[in-house]
>>> print(open('input.txt').read())   # compact mmCIF, N, CA and C atoms
# COMPACT_ATOMS: atom_id res chain seq x y z
N MET A 1 -158.83 144.80 220.99
CA MET A 1 -158.84 143.39 220.66
C MET A 1 -160.13 143.01 219.93
N LEU A 2 -161.24 143.61 220.31
CA LEU A 2 -162.51 143.31 219.66
C LEU A 2 -162.46 143.66 218.19
N ARG A 3 -161.76 144.76 217.86
CA ARG A 3 -161.61 145.18 216.47
C ARG A 3 -160.91 144.09 215.66
N GLU A 4 -159.84 143.53 216.20
CA GLU A 4 -159.07 142.51 215.50
C GLU A 4 -159.89 141.23 215.31
N VAL A 5 -160.65 140.87 216.32
CA VAL A 5 -161.51 139.68 216.21
C VAL A 5 -162.55 139.88 215.12
N TRP A 6 -163.16 141.06 215.11
CA TRP A 6 -164.18 141.36 214.09
C TRP A 6 -163.57 141.32 212.69
N LYS A 7 -162.41 141.98 212.52
CA LYS A 7 -161.78 142.06 211.21
C LYS A 7 -161.22 140.71 210.75
N SER A 8 -160.71 139.91 211.66
CA SER A 8 -160.05 138.67 211.26
C SER A 8 -160.97 137.46 211.23
N MET A 9 -162.08 137.50 211.95
CA MET A 9 -162.95 136.32 212.01
C MET A 9 -164.34 136.58 211.43
N ALA A 10 -164.99 137.63 211.90
CA ALA A 10 -166.38 137.87 211.49
C ALA A 10 -166.49 138.33 210.04
N ILE A 11 -165.70 139.32 209.67
CA ILE A 11 -165.79 139.87 208.31
C ILE A 11 -165.49 138.80 207.26
N PRO A 12 -164.40 138.04 207.36
CA PRO A 12 -164.17 137.00 206.34
C PRO A 12 -165.29 135.96 206.26
N SER A 13 -165.87 135.62 207.40
CA SER A 13 -166.98 134.65 207.39
C SER A 13 -168.19 135.21 206.67
N ILE A 14 -168.48 136.48 206.89
CA ILE A 14 -169.62 137.12 206.25
C ILE A 14 -169.35 137.34 204.76
N MET A 15 -168.13 137.75 204.44
CA MET A 15 -167.80 138.11 203.06
C MET A 15 -167.57 136.90 202.15
N CYS A 16 -167.43 135.73 202.74
CA CYS A 16 -167.19 134.53 201.93
C CYS A 16 -168.30 134.39 200.89
N ASP A 17 -167.94 134.43 199.64
CA ASP A 17 -168.87 134.31 198.51
C ASP A 17 -169.90 135.43 198.45
N MET A 18 -169.63 136.57 199.08
CA MET A 18 -170.57 137.69 199.03
C MET A 18 -170.72 138.22 197.60
N ASP A 19 -169.68 138.02 196.78
CA ASP A 19 -169.72 138.52 195.41
C ASP A 19 -170.70 137.74 194.54
N VAL A 20 -171.05 136.53 194.93
CA VAL A 20 -171.98 135.73 194.12
C VAL A 20 -173.28 135.41 194.85
N THR A 21 -173.42 135.88 196.08
CA THR A 21 -174.63 135.65 196.86
C THR A 21 -175.54 136.86 196.76
N ALA A 22 -176.82 136.61 196.57
CA ALA A 22 -177.79 137.72 196.50
C ALA A 22 -178.17 138.15 197.92
N TRP A 23 -177.90 139.39 198.25
CA TRP A 23 -178.25 139.97 199.54
C TRP A 23 -179.27 141.07 199.29
N ASN A 24 -180.33 141.10 200.09
CA ASN A 24 -181.28 142.20 199.94
C ASN A 24 -180.89 143.34 200.89
N GLU A 25 -181.54 144.48 200.71
CA GLU A 25 -181.19 145.67 201.49
C GLU A 25 -181.35 145.47 202.99
N SER A 26 -182.40 144.78 203.40
CA SER A 26 -182.62 144.62 204.85
C SER A 26 -181.54 143.74 205.47
N GLU A 27 -181.05 142.74 204.74
CA GLU A 27 -179.97 141.90 205.27
C GLU A 27 -178.68 142.70 205.42
N ILE A 28 -178.39 143.51 204.43
CA ILE A 28 -177.18 144.33 204.51
C ILE A 28 -177.31 145.37 205.62
N ASP A 29 -178.49 145.94 205.79
CA ASP A 29 -178.71 146.89 206.89
C ASP A 29 -178.49 146.22 208.24
N LYS A 30 -178.94 144.97 208.38
CA LYS A 30 -178.74 144.23 209.64
C LYS A 30 -177.25 144.00 209.90
N LEU A 31 -176.50 143.70 208.85
CA LEU A 31 -175.05 143.52 209.01
C LEU A 31 -174.40 144.83 209.48
N ASP A 32 -174.82 145.94 208.90
CA ASP A 32 -174.27 147.24 209.32
C ASP A 32 -174.63 147.57 210.76
N VAL A 33 -175.86 147.27 211.16
CA VAL A 33 -176.28 147.51 212.54
C VAL A 33 -175.43 146.67 213.50
N GLY A 34 -175.21 145.42 213.16
CA GLY A 34 -174.37 144.56 214.00
C GLY A 34 -172.94 145.07 214.08
N GLN A 35 -172.41 145.51 212.94
CA GLN A 35 -171.05 146.05 212.93
C GLN A 35 -170.97 147.32 213.79
N ASN A 36 -171.99 148.17 213.70
CA ASN A 36 -172.01 149.38 214.53
C ASN A 36 -172.06 149.03 216.01
N ARG A 37 -172.78 147.99 216.34
CA ARG A 37 -172.88 147.55 217.74
C ARG A 37 -171.50 147.10 218.24
N VAL A 38 -170.79 146.34 217.41
CA VAL A 38 -169.44 145.90 217.79
C VAL A 38 -168.52 147.10 217.96
N ALA A 39 -168.62 148.07 217.06
CA ALA A 39 -167.78 149.28 217.16
C ALA A 39 -168.08 150.05 218.44
N ARG A 40 -169.36 150.17 218.79
CA ARG A 40 -169.72 150.87 220.03
C ARG A 40 -169.12 150.17 221.25
N MET A 41 -169.18 148.84 221.24
CA MET A 41 -168.61 148.09 222.36
C MET A 41 -167.10 148.27 222.40
N ALA A 42 -166.45 148.19 221.24
CA ALA A 42 -164.99 148.29 221.20
C ALA A 42 -164.50 149.67 221.63
N LEU A 43 -165.25 150.71 221.24
CA LEU A 43 -164.84 152.08 221.56
C LEU A 43 -165.45 152.60 222.86
N ASN A 44 -166.34 151.80 223.45
CA ASN A 44 -167.06 152.22 224.64
C ASN A 44 -167.79 153.54 224.37
N ALA A 45 -168.43 153.60 223.19
CA ALA A 45 -169.12 154.82 222.75
C ALA A 45 -170.59 154.76 223.14
N PRO A 46 -171.19 155.92 223.43
CA PRO A 46 -172.62 155.95 223.76
C PRO A 46 -173.49 155.68 222.53
N ARG A 47 -174.75 155.38 222.76
CA ARG A 47 -175.70 155.04 221.68
C ARG A 47 -175.87 156.15 220.67
N TYR A 48 -175.76 157.39 221.10
CA TYR A 48 -176.01 158.51 220.20
C TYR A 48 -174.81 158.85 219.30
N THR A 49 -173.72 158.12 219.42
CA THR A 49 -172.57 158.35 218.55
C THR A 49 -172.93 157.95 217.12
N ALA A 50 -172.65 158.83 216.17
CA ALA A 50 -173.00 158.57 214.77
C ALA A 50 -172.24 157.36 214.23
N ALA A 51 -172.92 156.60 213.40
CA ALA A 51 -172.32 155.40 212.81
C ALA A 51 -171.09 155.75 211.98
N GLU A 52 -171.12 156.90 211.31
CA GLU A 52 -169.99 157.33 210.49
C GLU A 52 -168.74 157.55 211.34
N VAL A 53 -168.94 158.09 212.54
CA VAL A 53 -167.82 158.30 213.46
C VAL A 53 -167.25 156.96 213.90
N LEU A 54 -168.14 156.03 214.22
CA LEU A 54 -167.69 154.70 214.64
C LEU A 54 -166.88 154.03 213.54
N ARG A 55 -167.42 154.04 212.33
CA ARG A 55 -166.72 153.40 211.21
C ARG A 55 -165.39 154.09 210.92
N GLY A 56 -165.38 155.41 211.03
CA GLY A 56 -164.14 156.15 210.79
C GLY A 56 -163.07 155.82 211.82
N ASP A 57 -163.45 155.78 213.08
CA ASP A 57 -162.49 155.47 214.14
C ASP A 57 -161.97 154.04 214.03
N MET A 58 -162.83 153.14 213.60
CA MET A 58 -162.44 151.73 213.49
C MET A 58 -161.78 151.42 212.15
N GLY A 59 -161.95 152.31 211.17
CA GLY A 59 -161.39 152.07 209.84
C GLY A 59 -162.18 151.05 209.04
N TRP A 60 -163.49 150.99 209.26
CA TRP A 60 -164.34 150.00 208.60
C TRP A 60 -165.18 150.64 207.51
N ASN A 61 -165.64 149.83 206.57
CA ASN A 61 -166.56 150.26 205.52
C ASN A 61 -167.94 149.69 205.80
N ILE A 62 -168.95 150.26 205.14
CA ILE A 62 -170.28 149.68 205.22
C ILE A 62 -170.31 148.42 204.35
N PHE A 63 -171.23 147.54 204.62
CA PHE A 63 -171.28 146.27 203.90
C PHE A 63 -171.69 146.44 202.44
N ARG A 64 -172.47 147.46 202.13
CA ARG A 64 -172.84 147.72 200.73
C ARG A 64 -171.57 147.98 199.92
N GLU A 65 -170.67 148.77 200.48
CA GLU A 65 -169.41 149.07 199.80
C GLU A 65 -168.57 147.80 199.64
N ARG A 66 -168.54 147.00 200.68
CA ARG A 66 -167.78 145.74 200.60
C ARG A 66 -168.37 144.82 199.53
N GLN A 67 -169.70 144.78 199.46
CA GLN A 67 -170.36 143.94 198.47
C GLN A 67 -170.05 144.42 197.06
N ILE A 68 -170.09 145.71 196.85
CA ILE A 68 -169.79 146.26 195.52
C ILE A 68 -168.35 145.96 195.13
N LYS A 69 -167.43 146.14 196.06
CA LYS A 69 -166.02 145.84 195.77
C LYS A 69 -165.83 144.36 195.45
N ALA A 70 -166.48 143.48 196.20
CA ALA A 70 -166.37 142.04 195.96
C ALA A 70 -166.94 141.67 194.59
N THR A 71 -168.06 142.28 194.22
CA THR A 71 -168.68 142.00 192.93
C THR A 71 -167.78 142.49 191.80
N LEU A 72 -167.22 143.68 191.94
CA LEU A 72 -166.32 144.21 190.91
C LEU A 72 -165.07 143.35 190.77
N LYS A 73 -164.56 142.86 191.89
CA LYS A 73 -163.38 141.99 191.84
C LYS A 73 -163.70 140.69 191.10
N GLN A 74 -164.88 140.12 191.35
CA GLN A 74 -165.30 138.90 190.67
C GLN A 74 -165.47 139.16 189.17
N MET A 75 -166.06 140.30 188.83
CA MET A 75 -166.24 140.65 187.41
C MET A 75 -164.89 140.81 186.72
N GLU A 76 -163.93 141.42 187.42
CA GLU A 76 -162.59 141.59 186.86
C GLU A 76 -161.94 140.23 186.59
N LYS A 77 -162.10 139.30 187.52
CA LYS A 77 -161.57 137.95 187.32
C LYS A 77 -162.16 137.30 186.08
N GLU A 78 -163.48 137.45 185.92
CA GLU A 78 -164.15 136.86 184.76
C GLU A 78 -163.67 137.48 183.46
N VAL A 79 -163.48 138.78 183.45
CA VAL A 79 -163.00 139.46 182.24
C VAL A 79 -161.61 138.96 181.88
N HIS A 80 -160.72 138.87 182.86
CA HIS A 80 -159.36 138.39 182.59
C HIS A 80 -159.37 136.93 182.15
N LYS A 81 -160.24 136.15 182.76
CA LYS A 81 -160.35 134.74 182.38
C LYS A 81 -160.81 134.62 180.93
N ASN A 82 -161.82 135.41 180.56
CA ASN A 82 -162.32 135.38 179.19
C ASN A 82 -161.28 135.88 178.21
N ASP A 83 -160.54 136.92 178.57
CA ASP A 83 -159.48 137.42 177.70
C ASP A 83 -158.41 136.35 177.48
N LYS A 84 -158.06 135.65 178.54
CA LYS A 84 -157.05 134.60 178.44
C LYS A 84 -157.54 133.47 177.54
N GLU A 85 -158.81 133.08 177.71
CA GLU A 85 -159.37 132.02 176.87
C GLU A 85 -159.40 132.45 175.41
N LYS A 86 -159.75 133.70 175.14
CA LYS A 86 -159.76 134.21 173.76
C LYS A 86 -158.36 134.21 173.18
N TRP A 87 -157.37 134.60 173.98
CA TRP A 87 -155.99 134.63 173.53
C TRP A 87 -155.51 133.23 173.18
N ILE A 88 -155.82 132.26 174.03
CA ILE A 88 -155.41 130.88 173.78
C ILE A 88 -156.08 130.35 172.52
N THR A 89 -157.37 130.61 172.36
CA THR A 89 -158.09 130.17 171.16
C THR A 89 -157.49 130.81 169.92
N SER A 90 -157.21 132.09 169.98
CA SER A 90 -156.61 132.79 168.84
C SER A 90 -155.24 132.22 168.51
N TYR A 91 -154.44 131.95 169.53
CA TYR A 91 -153.11 131.37 169.32
C TYR A 91 -153.21 130.01 168.65
N MET A 92 -154.15 129.19 169.12
CA MET A 92 -154.30 127.85 168.55
C MET A 92 -154.76 127.93 167.10
N GLU A 93 -155.63 128.87 166.79
CA GLU A 93 -156.08 129.04 165.41
C GLU A 93 -154.92 129.49 164.52
N ASP A 94 -154.10 130.40 165.03
CA ASP A 94 -152.93 130.85 164.27
C ASP A 94 -151.96 129.70 164.03
N GLU A 95 -151.76 128.86 165.04
CA GLU A 95 -150.88 127.69 164.89
C GLU A 95 -151.42 126.74 163.82
N LYS A 96 -152.72 126.53 163.85
CA LYS A 96 -153.36 125.64 162.88
C LYS A 96 -153.19 126.19 161.47
N GLU A 97 -153.41 127.49 161.29
CA GLU A 97 -153.24 128.10 159.98
C GLU A 97 -151.79 128.00 159.52
N TRP A 98 -150.87 128.21 160.44
CA TRP A 98 -149.45 128.12 160.09
C TRP A 98 -149.08 126.71 159.66
N GLU A 99 -149.58 125.71 160.38
CA GLU A 99 -149.32 124.30 160.02
C GLU A 99 -149.91 123.97 158.65
N GLU A 100 -151.10 124.48 158.36
CA GLU A 100 -151.75 124.20 157.08
C GLU A 100 -151.04 124.90 155.93
N SER A 101 -150.38 126.00 156.20
CA SER A 101 -149.71 126.74 155.13
C SER A 101 -148.37 126.14 154.75
N LYS A 102 -147.87 125.19 155.50
CA LYS A 102 -146.57 124.56 155.20
C LYS A 102 -146.61 123.75 153.95
>>> encode(input="input.txt", output="structure tokens")
Amino acid sequence: MLREVWKSMAIPSIMCDMDVTAWNESEIDKLDVGQNRVARMALNAPRYTAAEVLRGDMGWNIFRERQIKATLKQMEKEVHKNDKEKWITSYMEDEKEWEESK
């Protein structure tokens, strides 16, 4: 149950606008430490259990990876938005030229 609470409540709250918010390395490290703590509690794992094992068992990613994915997704949106705007502008220019050629 702790896994579901973390995935459905904590992660979305943290990730909200992560693609446009500047996070430094120490902040991201703190998020990973907190996530590892939650995983240890959920799995009842001892302190010496490797973080990679915890993340693997829980199916979680590190926050750096999540941040990179969020940033890439935002960049993709911007590229598509710009392509759409260019297409509309080009279409309107073609329409104008066609009207003038009549």
>>> residues_near_point(input="input.txt", point="(-177.3, 149.1, 212.7)", cutoff="12 Å", atoms="only C-alpha atoms", output="list in words")
Ser26, Glu27, Ile28, Asp29, Lys30, Leu31, Asp32, Val33, Gly34, Gln35, Asn36, Arg37, Val38, Ala39, Arg40, Arg47, Thr49, Ala50, Ala51, Glu52, Leu54, Arg55, Ile62 and Phe63 of chain A
>>> atom_distance(input="input.txt", atom1="atom N of A:Val53", atom2="atom C of A:Leu72")
26.6 Å
>>> residues_around(input="input.txt", residues="A:Gln74", least_positions_apart="5", cutoff="8 Å", atoms="all atoms listed in the file", output="list of chain:residue names")
A:Asp19, A:Val20, A:Ile68, A:Lys69, A:Val79, A:His80
>>> closest_residue(input="input.txt", among="A:Ala42, A:Met18, A:Ala10, A:Ser90", to="A:Thr71", atoms="all atoms listed in the file")
A:Met18
>>> select_by_dssp(input="input.txt", residues="chain A", states="alpha helix (DSSP H)", output="JSON, numbers by chain")
{"A": [2, 3, 4, 5, 11, 12, 13, 14, 15, 25, 26, 27, 28, 29, 30, 31, 32, 33, 34, 35, 36, 37, 38, 39, 40, 41, 42, 43, 51, 52, 53, 54, 55, 56, 57, 58, 63, 64, 65, 66, 67, 68, 69, 70, 71, 72, 73, 74, 75, 76, 77, 78, 79, 80, 81, 82, 83, 84, 85, 86, 87, 88, 89, 90, 91, 92, 93, 94, 95, 96, 97, 98, 99, 100, 101]}
>>> axis_aligned_box(input="input.txt", around="stretch 79-85 of chain A", padding_each_side="8 Å", output="JSON")
{"center_x": -160.3, "center_y": 135.7, "center_z": 179.4, "size_x": 22.4, "size_y": 23.4, "size_z": 24.0}
>>> atom_distance(input="input.txt", atom1="atom CA of A:Ala70", atom2="atom CA of A:Asn24")
15.4 Å
>>> atom_distance(input="input.txt", atom1="atom C of A:Gln67", atom2="atom C of A:Asn82")
22.5 Å
>>> decode(input="input.txt", residues="stretch 21-100 of chain A", atoms="C-alpha atoms", output="short mmCIF file (atom, residue, chain, number, x, y, z; two decimals), in the first residue's frame")
data_model
loop_
_atom_site.label_atom_id
_atom_site.label_comp_id
_atom_site.auth_asym_id
_atom_site.auth_seq_id
_atom_site.Cartn_x
_atom_site.Cartn_y
_atom_site.Cartn_z
CA THR A 21 11.93 24.12 -12.32
CA ALA A 22 15.66 24.36 -11.67
CA TRP A 23 16.77 21.63 -9.26
CA ASN A 24 20.34 21.36 -8.04
CA GLU A 25 22.15 18.07 -7.43
CA SER A 26 21.78 18.15 -3.64
CA GLU A 27 18.01 18.62 -3.89
CA ILE A 28 17.68 15.70 -6.27
CA ASP A 29 19.91 13.57 -4.03
CA LYS A 30 17.62 14.37 -1.08
CA LEU A 31 14.60 13.27 -3.10
CA ASP A 32 16.33 9.98 -3.93
CA VAL A 33 17.27 9.42 -0.28
CA GLY A 34 13.65 10.00 0.75
CA GLN A 35 12.41 7.65 -1.94
CA ASN A 36 14.88 4.98 -0.80
CA ARG A 37 13.64 5.40 2.76
CA VAL A 38 10.04 4.84 1.64
CA ALA A 39 11.12 1.75 -0.33
CA ARG A 40 12.93 0.33 2.71
CA MET A 41 9.82 0.82 4.82
CA ALA A 42 7.54 -0.70 2.18
CA LEU A 43 9.78 -3.74 1.66
CA ASN A 44 10.82 -4.02 5.31
CA ALA A 45 14.42 -4.08 4.02
CA PRO A 46 17.49 -3.54 6.22
CA ARG A 47 19.64 -0.40 5.93
CA TYR A 48 22.41 -2.17 4.07
CA THR A 49 20.14 -3.11 1.14
CA ALA A 50 21.43 -1.43 -2.02
CA ALA A 51 19.34 1.42 -3.39
CA GLU A 52 19.37 -0.21 -6.83
CA VAL A 53 17.74 -3.33 -5.39
CA LEU A 54 15.08 -1.23 -3.67
CA ARG A 55 14.29 0.71 -6.84
CA GLY A 56 14.25 -2.48 -8.90
CA ASP A 57 11.86 -4.27 -6.56
CA MET A 58 9.57 -1.25 -6.39
CA GLY A 59 9.82 -0.46 -10.11
CA TRP A 60 10.94 3.12 -9.48
CA ASN A 61 13.42 5.40 -11.25
CA ILE A 62 15.86 7.88 -9.76
CA PHE A 63 14.71 11.49 -9.79
CA ARG A 64 17.48 12.58 -12.17
CA GLU A 65 16.03 10.22 -14.77
CA ARG A 66 12.53 11.50 -14.11
CA GLN A 67 13.74 15.08 -14.47
CA ILE A 68 15.46 14.33 -17.77
CA LYS A 69 12.35 12.60 -19.12
CA ALA A 70 10.14 15.51 -18.04
CA THR A 71 12.48 18.03 -19.67
CA LEU A 72 12.60 16.05 -22.91
CA LYS A 73 8.82 15.78 -22.94
CA GLN A 74 8.51 19.56 -22.50
CA MET A 75 11.04 20.16 -25.29
CA GLU A 76 9.08 17.82 -27.57
CA LYS A 77 5.89 19.79 -26.87
CA GLU A 78 7.67 23.04 -27.75
CA VAL A 79 9.04 21.60 -31.00
CA HIS A 80 5.60 20.37 -32.07
CA LYS A 81 4.04 23.67 -31.08
CA ASN A 82 6.61 25.59 -33.13
CA ASP A 83 6.15 23.25 -36.11
CA LYS A 84 2.39 23.77 -35.95
CA GLU A 85 2.80 27.55 -35.78
CA LYS A 86 5.17 27.47 -38.77
CA TRP A 87 2.72 25.32 -40.72
CA ILE A 88 -0.17 27.69 -39.99
CA THR A 89 1.93 30.72 -40.96
CA SER A 90 3.04 29.01 -44.17
CA TYR A 91 -0.56 28.06 -45.00
CA MET A 92 -1.77 31.62 -44.44
CA GLU A 93 1.00 33.00 -46.65
CA ASP A 94 0.09 30.53 -49.39
CA GLU A 95 -3.57 31.55 -49.11
CA LYS A 96 -2.62 35.21 -49.37
CA GLU A 97 -0.49 34.57 -52.46
CA TRP A 98 -3.29 32.56 -54.03
CA GLU A 99 -5.81 35.35 -53.37
CA GLU A 100 -3.44 37.94 -54.85
#
